[in-house]
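File shown: my_file-v3.pdb. Contents: PDB, C-alpha atoms.
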ATOM      1  CA  MET A  17      43.646 -38.998  -3.071
ATOM      2  CA  LEU A  18      44.846 -36.256  -5.380
ATOM      3  CA  ASN A  19      43.743 -36.133  -8.998
ATOM      4  CA  LYS A  20      46.060 -35.974 -11.998
ATOM      5  CA  ASN A  21      46.149 -32.163 -12.175
ATOM      6  CA  GLN A  22      46.829 -31.829  -8.455
ATOM      7  CA  ILE A  23      49.685 -34.324  -8.637
ATOM      8  CA  ARG A  24      51.103 -32.433 -11.617
ATOM      9  CA  TYR A  25      51.038 -29.247  -9.566
ATOM     10  CA  CYS A  26      52.825 -30.978  -6.656
ATOM     11  CA  LEU A  27      55.536 -32.332  -8.925
ATOM     12  CA  ASP A  28      56.076 -28.935 -10.532
ATOM     13  CA  GLN A  29      56.348 -27.254  -7.125
ATOM     14  CA  MET A  30      58.906 -29.823  -5.941
ATOM     15  CA  GLY A  31      60.828 -29.211  -9.143
ATOM     16  CA  GLU A  32      60.917 -25.477  -8.444
ATOM     17  CA  MET A  33      61.965 -26.038  -4.829
ATOM     18  CA  PHE A  34      64.665 -28.580  -5.630
ATOM     19  CA  PRO A  35      65.684 -28.222  -9.288
ATOM     20  CA  ASP A  36      69.125 -29.713  -8.619
ATOM     21  CA  ALA A  37      67.984 -32.721  -6.567
ATOM     22  CA  HIS A  38      70.364 -35.633  -7.044
ATOM     23  CA  CYS A  39      71.787 -38.747  -5.425
ATOM     24  CA  GLU A  40      73.785 -37.534  -2.430
ATOM     25  CA  LEU A  41      75.765 -40.740  -1.998
ATOM     26  CA  VAL A  42      79.289 -39.979  -3.187
ATOM     27  CA  HIS A  43      80.535 -42.503  -5.748
ATOM     28  CA  SER A  44      82.600 -42.616  -8.923
ATOM     29  CA  ASN A  45      81.243 -45.757 -10.621
ATOM     30  CA  PRO A  46      78.315 -48.227 -10.483
ATOM     31  CA  PHE A  47      80.179 -50.616  -8.178
ATOM     32  CA  GLU A  48      80.790 -47.918  -5.578
ATOM     33  CA  LEU A  49      77.150 -46.859  -5.852
ATOM     34  CA  VAL A  50      75.954 -50.396  -5.115
ATOM     35  CA  ILE A  51      78.175 -50.550  -2.039
ATOM     36  CA  ALA A  52      77.078 -47.097  -0.859
ATOM     37  CA  VAL A  53      73.361 -47.747  -1.304
ATOM     38  CA  SER A  54      73.700 -51.114   0.426
ATOM     39  CA  LEU A  55      75.339 -49.401   3.392
ATOM     40  CA  SER A  56      72.663 -46.692   3.500
ATOM     41  CA  ALA A  57      69.868 -48.984   4.759
ATOM     42  CA  GLN A  58      68.635 -47.535   8.066
ATOM     43  CA  CYS A  59      71.476 -45.005   7.922
ATOM     44  CA  THR A  60      71.911 -41.424   6.710
ATOM     45  CA  ASP A  61      73.709 -40.561   3.487
ATOM     46  CA  VAL A  62      75.914 -38.186   5.466
ATOM     47  CA  LEU A  63      77.272 -41.000   7.631
ATOM     48  CA  VAL A  64      77.670 -43.341   4.663
ATOM     49  CA  ASN A  65      79.701 -40.716   2.824
ATOM     50  CA  LYS A  66      81.990 -40.319   5.830
ATOM     51  CA  VAL A  67      82.637 -44.062   5.865
ATOM     52  CA  THR A  68      82.978 -44.562   2.120
ATOM     53  CA  LYS A  69      85.490 -41.724   1.800
ATOM     54  CA  GLN A  70      88.105 -44.026   3.302
ATOM     55  CA  LEU A  71      86.462 -47.274   2.273
ATOM     56  CA  PHE A  72      86.637 -46.470  -1.436
ATOM     57  CA  GLN A  73      90.311 -45.535  -1.132
ATOM     58  CA  LYS A  74      91.084 -48.918   0.387
ATOM     59  CA  TYR A  75      88.786 -51.075  -1.761
ATOM     60  CA  LYS A  76      88.610 -50.447  -5.509
ATOM     61  CA  THR A  77      87.319 -53.755  -6.868
ATOM     62  CA  PRO A  78      85.265 -56.782  -5.763
ATOM     63  CA  GLU A  79      88.547 -58.654  -5.374
ATOM     64  CA  ASP A  80      89.760 -56.053  -2.874
ATOM     65  CA  TYR A  81      86.801 -56.685  -0.563
ATOM     66  CA  LEU A  82      87.517 -60.406  -0.660
ATOM     67  CA  SER A  83      91.226 -59.990   0.038
ATOM     68  CA  VAL A  84      90.600 -59.121   3.696
ATOM     69  CA  SER A  85      88.932 -61.004   6.513
ATOM     70  CA  LEU A  86      85.287 -60.415   7.338
ATOM     71  CA  GLU A  87      86.380 -59.000  10.683
ATOM     72  CA  GLU A  88      88.586 -56.389   9.027
ATOM     73  CA  LEU A  89      85.797 -55.261   6.720
ATOM     74  CA  GLN A  90      83.433 -55.072   9.680
ATOM     75  CA  GLN A  91      85.869 -52.785  11.463
ATOM     76  CA  ASP A  92      86.060 -50.563   8.394
ATOM     77  CA  ILE A  93      82.299 -49.948   8.460
ATOM     78  CA  ARG A  94      81.538 -50.431  12.171
ATOM     79  CA  SER A  95      80.171 -46.875  12.608
ATOM     80  CA  ILE A  96      77.278 -47.824  10.315
ATOM     81  CA  GLY A  97      74.218 -49.578  11.675
ATOM     82  CA  LEU A  98      73.938 -53.331  11.030
ATOM     83  CA  TYR A  99      77.612 -53.296  10.010
ATOM     84  CA  ARG A 100      78.175 -57.001  10.699
ATOM     85  CA  ASN A 101      75.397 -58.125   8.376
ATOM     86  CA  LYS A 102      76.273 -55.511   5.773
ATOM     87  CA  ALA A 103      79.913 -56.631   5.708
ATOM     88  CA  LYS A 104      78.816 -60.233   5.117
ATOM     89  CA  ASN A 105      76.538 -59.173   2.284
ATOM     90  CA  ILE A 106      79.247 -57.051   0.676
ATOM     91  CA  GLN A 107      81.658 -59.977   0.520
ATOM     92  CA  LYS A 108      78.947 -62.338  -0.759
ATOM     93  CA  LEU A 109      77.931 -59.754  -3.363
ATOM     94  CA  CYS A 110      81.529 -59.324  -4.503
ATOM     95  CA  GLN A 111      81.998 -63.074  -4.868
ATOM     96  CA  ILE A 112      78.878 -63.335  -7.042
ATOM     97  CA  LEU A 113      80.006 -60.384  -9.174
ATOM     98  CA  ILE A 114      83.307 -62.157  -9.832
ATOM     99  CA  ASP A 115      81.796 -65.601 -10.412
ATOM    100  CA  GLU A 116      78.811 -64.610 -12.541
ATOM    101  CA  TYR A 117      79.363 -61.110 -13.951
ATOM    102  CA  ASP A 118      83.123 -60.783 -14.494
ATOM    103  CA  GLY A 119      83.210 -58.225 -11.689
ATOM    104  CA  VAL A 120      80.824 -55.872 -13.482
ATOM    105  CA  ILE A 121      77.549 -54.562 -11.998
ATOM    106  CA  PRO A 122      74.575 -55.870 -14.024
ATOM    107  CA  GLN A 123      72.243 -53.250 -15.491
ATOM    108  CA  ASN A 124      69.121 -55.379 -15.142
ATOM    109  CA  ARG A 125      67.025 -54.710 -12.038
ATOM    110  CA  ASP A 126      65.996 -58.348 -11.651
ATOM    111  CA  GLU A 127      69.630 -59.452 -11.695
ATOM    112  CA  LEU A 128      70.580 -56.708  -9.274
ATOM    113  CA  THR A 129      67.977 -57.844  -6.741
ATOM    114  CA  LYS A 130      69.554 -61.301  -6.710
ATOM    115  CA  LEU A 131      72.696 -59.819  -5.172
ATOM    116  CA  PRO A 132      72.963 -60.079  -1.360
ATOM    117  CA  GLY A 133      71.893 -56.887   0.368
ATOM    118  CA  VAL A 134      70.368 -55.429  -2.796
ATOM    119  CA  GLY A 135      66.610 -54.999  -2.541
ATOM    120  CA  ARG A 136      64.196 -53.444  -4.991
ATOM    121  CA  LYS A 137      64.871 -49.902  -3.754
ATOM    122  CA  THR A 138      68.644 -50.300  -4.103
ATOM    123  CA  ALA A 139      68.260 -51.807  -7.558
ATOM    124  CA  ASN A 140      66.046 -48.923  -8.672
ATOM    125  CA  VAL A 141      68.591 -46.394  -7.430
ATOM    126  CA  VAL A 142      71.405 -48.158  -9.281
ATOM    127  CA  VAL A 143      69.632 -48.541 -12.627
ATOM    128  CA  SER A 144      68.469 -44.921 -12.460
ATOM    129  CA  VAL A 145      71.597 -43.155 -11.183
ATOM    130  CA  ALA A 146      74.324 -45.364 -12.641
ATOM    131  CA  PHE A 147      72.725 -46.376 -15.935
ATOM    132  CA  GLY A 148      70.130 -43.686 -16.698
ATOM    133  CA  ILE A 149      67.238 -46.140 -16.812
ATOM    134  CA  PRO A 150      63.932 -44.579 -15.634
ATOM    135  CA  ALA A 151      62.987 -45.844 -12.170
ATOM    136  CA  ILE A 152      61.371 -44.679  -8.945
ATOM    137  CA  ALA A 153      63.075 -45.897  -5.796
ATOM    138  CA  VAL A 154      60.723 -45.681  -2.823
ATOM    139  CA  ASP A 155      62.715 -44.948   0.304
ATOM    140  CA  THR A 156      61.331 -43.663   3.598
ATOM    141  CA  HIS A 157      61.139 -40.081   2.280
ATOM    142  CA  VAL A 158      59.339 -40.948  -0.956
ATOM    143  CA  GLU A 159      56.890 -43.172   0.903
ATOM    144  CA  ARG A 160      56.165 -40.519   3.550
ATOM    145  CA  VAL A 161      55.665 -37.700   1.042
ATOM    146  CA  SER A 162      53.477 -39.856  -1.216
ATOM    147  CA  LYS A 163      51.177 -40.789   1.647
ATOM    148  CA  ARG A 164      51.055 -37.375   3.313
ATOM    149  CA  LEU A 165      50.161 -35.618   0.078
ATOM    150  CA  GLY A 166      47.664 -38.249  -0.993
ATOM    151  CA  PHE A 167      49.432 -39.580  -4.067
ATOM    152  CA  CYS A 168      48.539 -43.008  -2.675
ATOM    153  CA  ARG A 169      46.785 -44.527   0.338
ATOM    154  CA  TRP A 170      48.215 -44.715   3.853
ATOM    155  CA  LYS A 171      47.802 -48.490   3.906
ATOM    156  CA  ASP A 172      49.708 -49.050   0.661
ATOM    157  CA  SER A 173      52.870 -51.146   0.810
ATOM    158  CA  VAL A 174      56.178 -49.797  -0.503
ATOM    159  CA  LEU A 175      55.686 -51.773  -3.712
ATOM    160  CA  GLU A 176      52.164 -50.388  -4.102
ATOM    161  CA  VAL A 177      53.506 -46.867  -3.622
ATOM    162  CA  GLU A 178      56.084 -47.478  -6.349
ATOM    163  CA  LYS A 179      53.500 -48.864  -8.776
ATOM    164  CA  THR A 180      51.129 -45.974  -8.079
ATOM    165  CA  LEU A 181      53.847 -43.406  -8.748
ATOM    166  CA  MET A 182      54.841 -45.199 -11.937
ATOM    167  CA  LYS A 183      51.240 -44.874 -13.138
ATOM    168  CA  LYS A 184      50.785 -41.247 -12.124
ATOM    169  CA  VAL A 185      54.191 -39.843 -13.115
ATOM    170  CA  PRO A 186      55.351 -39.792 -16.776
ATOM    171  CA  MET A 187      58.133 -42.327 -17.310
ATOM    172  CA  GLU A 188      60.577 -39.705 -18.529
ATOM    173  CA  GLU A 189      60.190 -37.961 -15.148
ATOM    174  CA  TRP A 190      60.571 -41.009 -12.893
ATOM    175  CA  SER A 191      64.205 -40.489 -11.967
ATOM    176  CA  ASP A 192      63.959 -36.721 -11.445
ATOM    177  CA  THR A 193      60.765 -37.174  -9.418
ATOM    178  CA  HIS A 194      62.483 -39.760  -7.234
ATOM    179  CA  HIS A 195      65.276 -37.336  -6.330
ATOM    180  CA  ARG A 196      62.980 -34.346  -5.863
ATOM    181  CA  MET A 197      60.648 -36.264  -3.566
ATOM    182  CA  ILE A 198      63.637 -37.392  -1.501
ATOM    183  CA  PHE A 199      64.869 -33.807  -1.163
ATOM    184  CA  PHE A 200      61.344 -32.603  -0.395
ATOM    185  CA  GLY A 201      61.016 -35.237   2.340
ATOM    186  CA  ARG A 202      64.559 -34.874   3.673
ATOM    187  CA  TYR A 203      64.723 -31.083   3.851
ATOM    188  CA  HIS A 204      61.110 -29.854   3.928
ATOM    189  CA  CYS A 205      58.406 -32.441   4.632
ATOM    190  CA  LYS A 206      60.476 -34.014   7.390
ATOM    191  CA  ALA A 207      59.388 -36.982   9.473
ATOM    192  CA  GLN A 208      59.580 -34.782  12.557
ATOM    193  CA  ASN A 209      58.604 -31.114  12.429
ATOM    194  CA  PRO A 210      57.626 -30.811   8.758
ATOM    195  CA  GLN A 211      57.649 -27.229   7.509
ATOM    196  CA  CYS A 212      53.899 -27.043   6.936
ATOM    197  CA  PRO A 213      53.479 -23.266   7.486
ATOM    198  CA  GLU A 214      55.872 -22.475   4.609
ATOM    199  CA  CYS A 215      54.781 -25.326   2.339
ATOM    200  CA  PRO A 216      53.448 -24.347  -1.115
ATOM    201  CA  LEU A 217      51.451 -27.588  -1.123
ATOM    202  CA  LEU A 218      49.607 -27.001   2.148
ATOM    203  CA  ASP A 219      46.271 -26.292   0.449
ATOM    204  CA  LEU A 220      46.381 -29.766  -1.119
ATOM    205  CA  CYS A 221      47.797 -31.616   1.870
ATOM    206  CA  ARG A 222      45.194 -32.954   4.286
ATOM    207  CA  GLU A 223      47.918 -34.186   6.606
ATOM    208  CA  GLY A 224      49.481 -30.733   6.735
ATOM    209  CA  GLN A 225      46.119 -29.073   7.320
ATOM    210  CA  LYS A 226      45.439 -31.416  10.242
ATOM    211  CA  ARG A 227      48.814 -30.553  11.745
ATOM    212  CA  MET A 228      48.145 -26.835  11.413
ATOM    213  CA  LYS A 229      44.755 -27.118  13.129
ATOM    214  CA  LYS A 230      46.378 -28.795  16.123
ATOM    215  CA  LYS A 231      48.669 -25.827  16.694
TER     216      LYS A 231
END
Show me the file's structure as structure tokens.
Amino acid sequence: MLNKNQIRYCLDQMGEMFPDAHCELVHSNPFELVIAVSLSAQCTDVLVNKVTKQLFQKYKTPEDYLSVSLEELQQDIRSIGLYRNKAKNIQKLCQILIDEYDGVIPQNRDELTKLPGVGRKTANVVVSVAFGIPAIAVDTHVERVSKRLGFCRWKDSVLEVEKTLMKKVPMEEWSDTHHRMIFFGRYHCKAQNPQCPECPLLDLCREGQKRMKKK
């Protein structure tokens, strides 16, 4: 595993590569962000944005999502994977928001994770992006990059990866690091065909060095 100075170097390089890294899910308020992130499970942000462009014009509030049948909502998001289950969770989530939170998204991560379809990753994204609270959301890109570079161990769970990053990255950098690692994994250190030959971190990346030796 990399030491503190090596991790610092990696973070700085990612910052130089992707200084403007940000949440790519289009939204205009915390409620829309919750819906968008919930829809993004096992789905690309690009596809979610295509769906939410019309979805957010039709549905503005939790009440709007409950004013239609489940079948209608399913049709509205049917191009997204697991759309049936996601539609159910959206309506359940909206009902809880109305009953318990006056229709307002809670800012507490523990309360967010009690909402249907909102896991720890989604909650971390929401508190960070919508409310400016430092958090590291470990999605597939963050997990892959962390393990390939040796920030953590290959056998670590998603929660263990998150806790390791929280220890090794200064709190004031959590949110920026989250976005930069996503961009690094999405556009450079890809799941398939990572750009190892052009990577400024190749000298520190055992995984990348192994890949290069195989070529």
(message) Which residues are near Ala207 (chain A)? Cut-off 10 Å, only C-alpha atoms, ignore same chain within fewer than 2 positions. Put them as a list of chain:residue names.
(response)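 Once the nearby chain positions are removed, what remains is A:Thr156, A:His157, A:Arg160, A:Val161, A:Gly201, A:Arg202, A:Tyr203, A:His204, A:Cys205, A:Asn209, A:Pro210.
The two atoms in question, CA of Cys215 (chain A) and CA of Ser56 (chain A), are spaced 27.9 Å apart.
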(request) List the neighbours of region 127-135 of chain A out to 7 Å using all atoms listed in the file; skip same-chain residues closer than 5 positions along the sequence, and give me the result as number ranges by chain. (result) A: 54, 105, 108-109, 122
(message) When the PyMOL selection byres ((chain A and resi 196) around 12) is applied to the structure above, which residues does it catch, written out as a ChimeraX atom specification?
(response) /A:26-40,152-154,157-158,161-162,189-195,197-205
(request) Rank nothing, just name the residue among A:Ser44, A:Gln123, A:Asn19, A:Gln111 nearest to Gln73 (chain A), using all atoms listed in the file. (result) A:Ser44
(message) Ranking A:Ser95, A:Gln90, A:Thr60, A:Asn45 by minimum distance to Phe72 (chain A) and counting only C-alpha atoms, which one comes first?
(response)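 Looking only at the distances to Phe72 (chain A), the closest residue turns out to be A:Asn45.
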(message) Here is a test: counting all atoms listed in the file, which residue of A:Leu165, A:Leu63, A:Val120, A:Ile149 is nearest to Ile96 (chain A)?
(response) A:Leu63
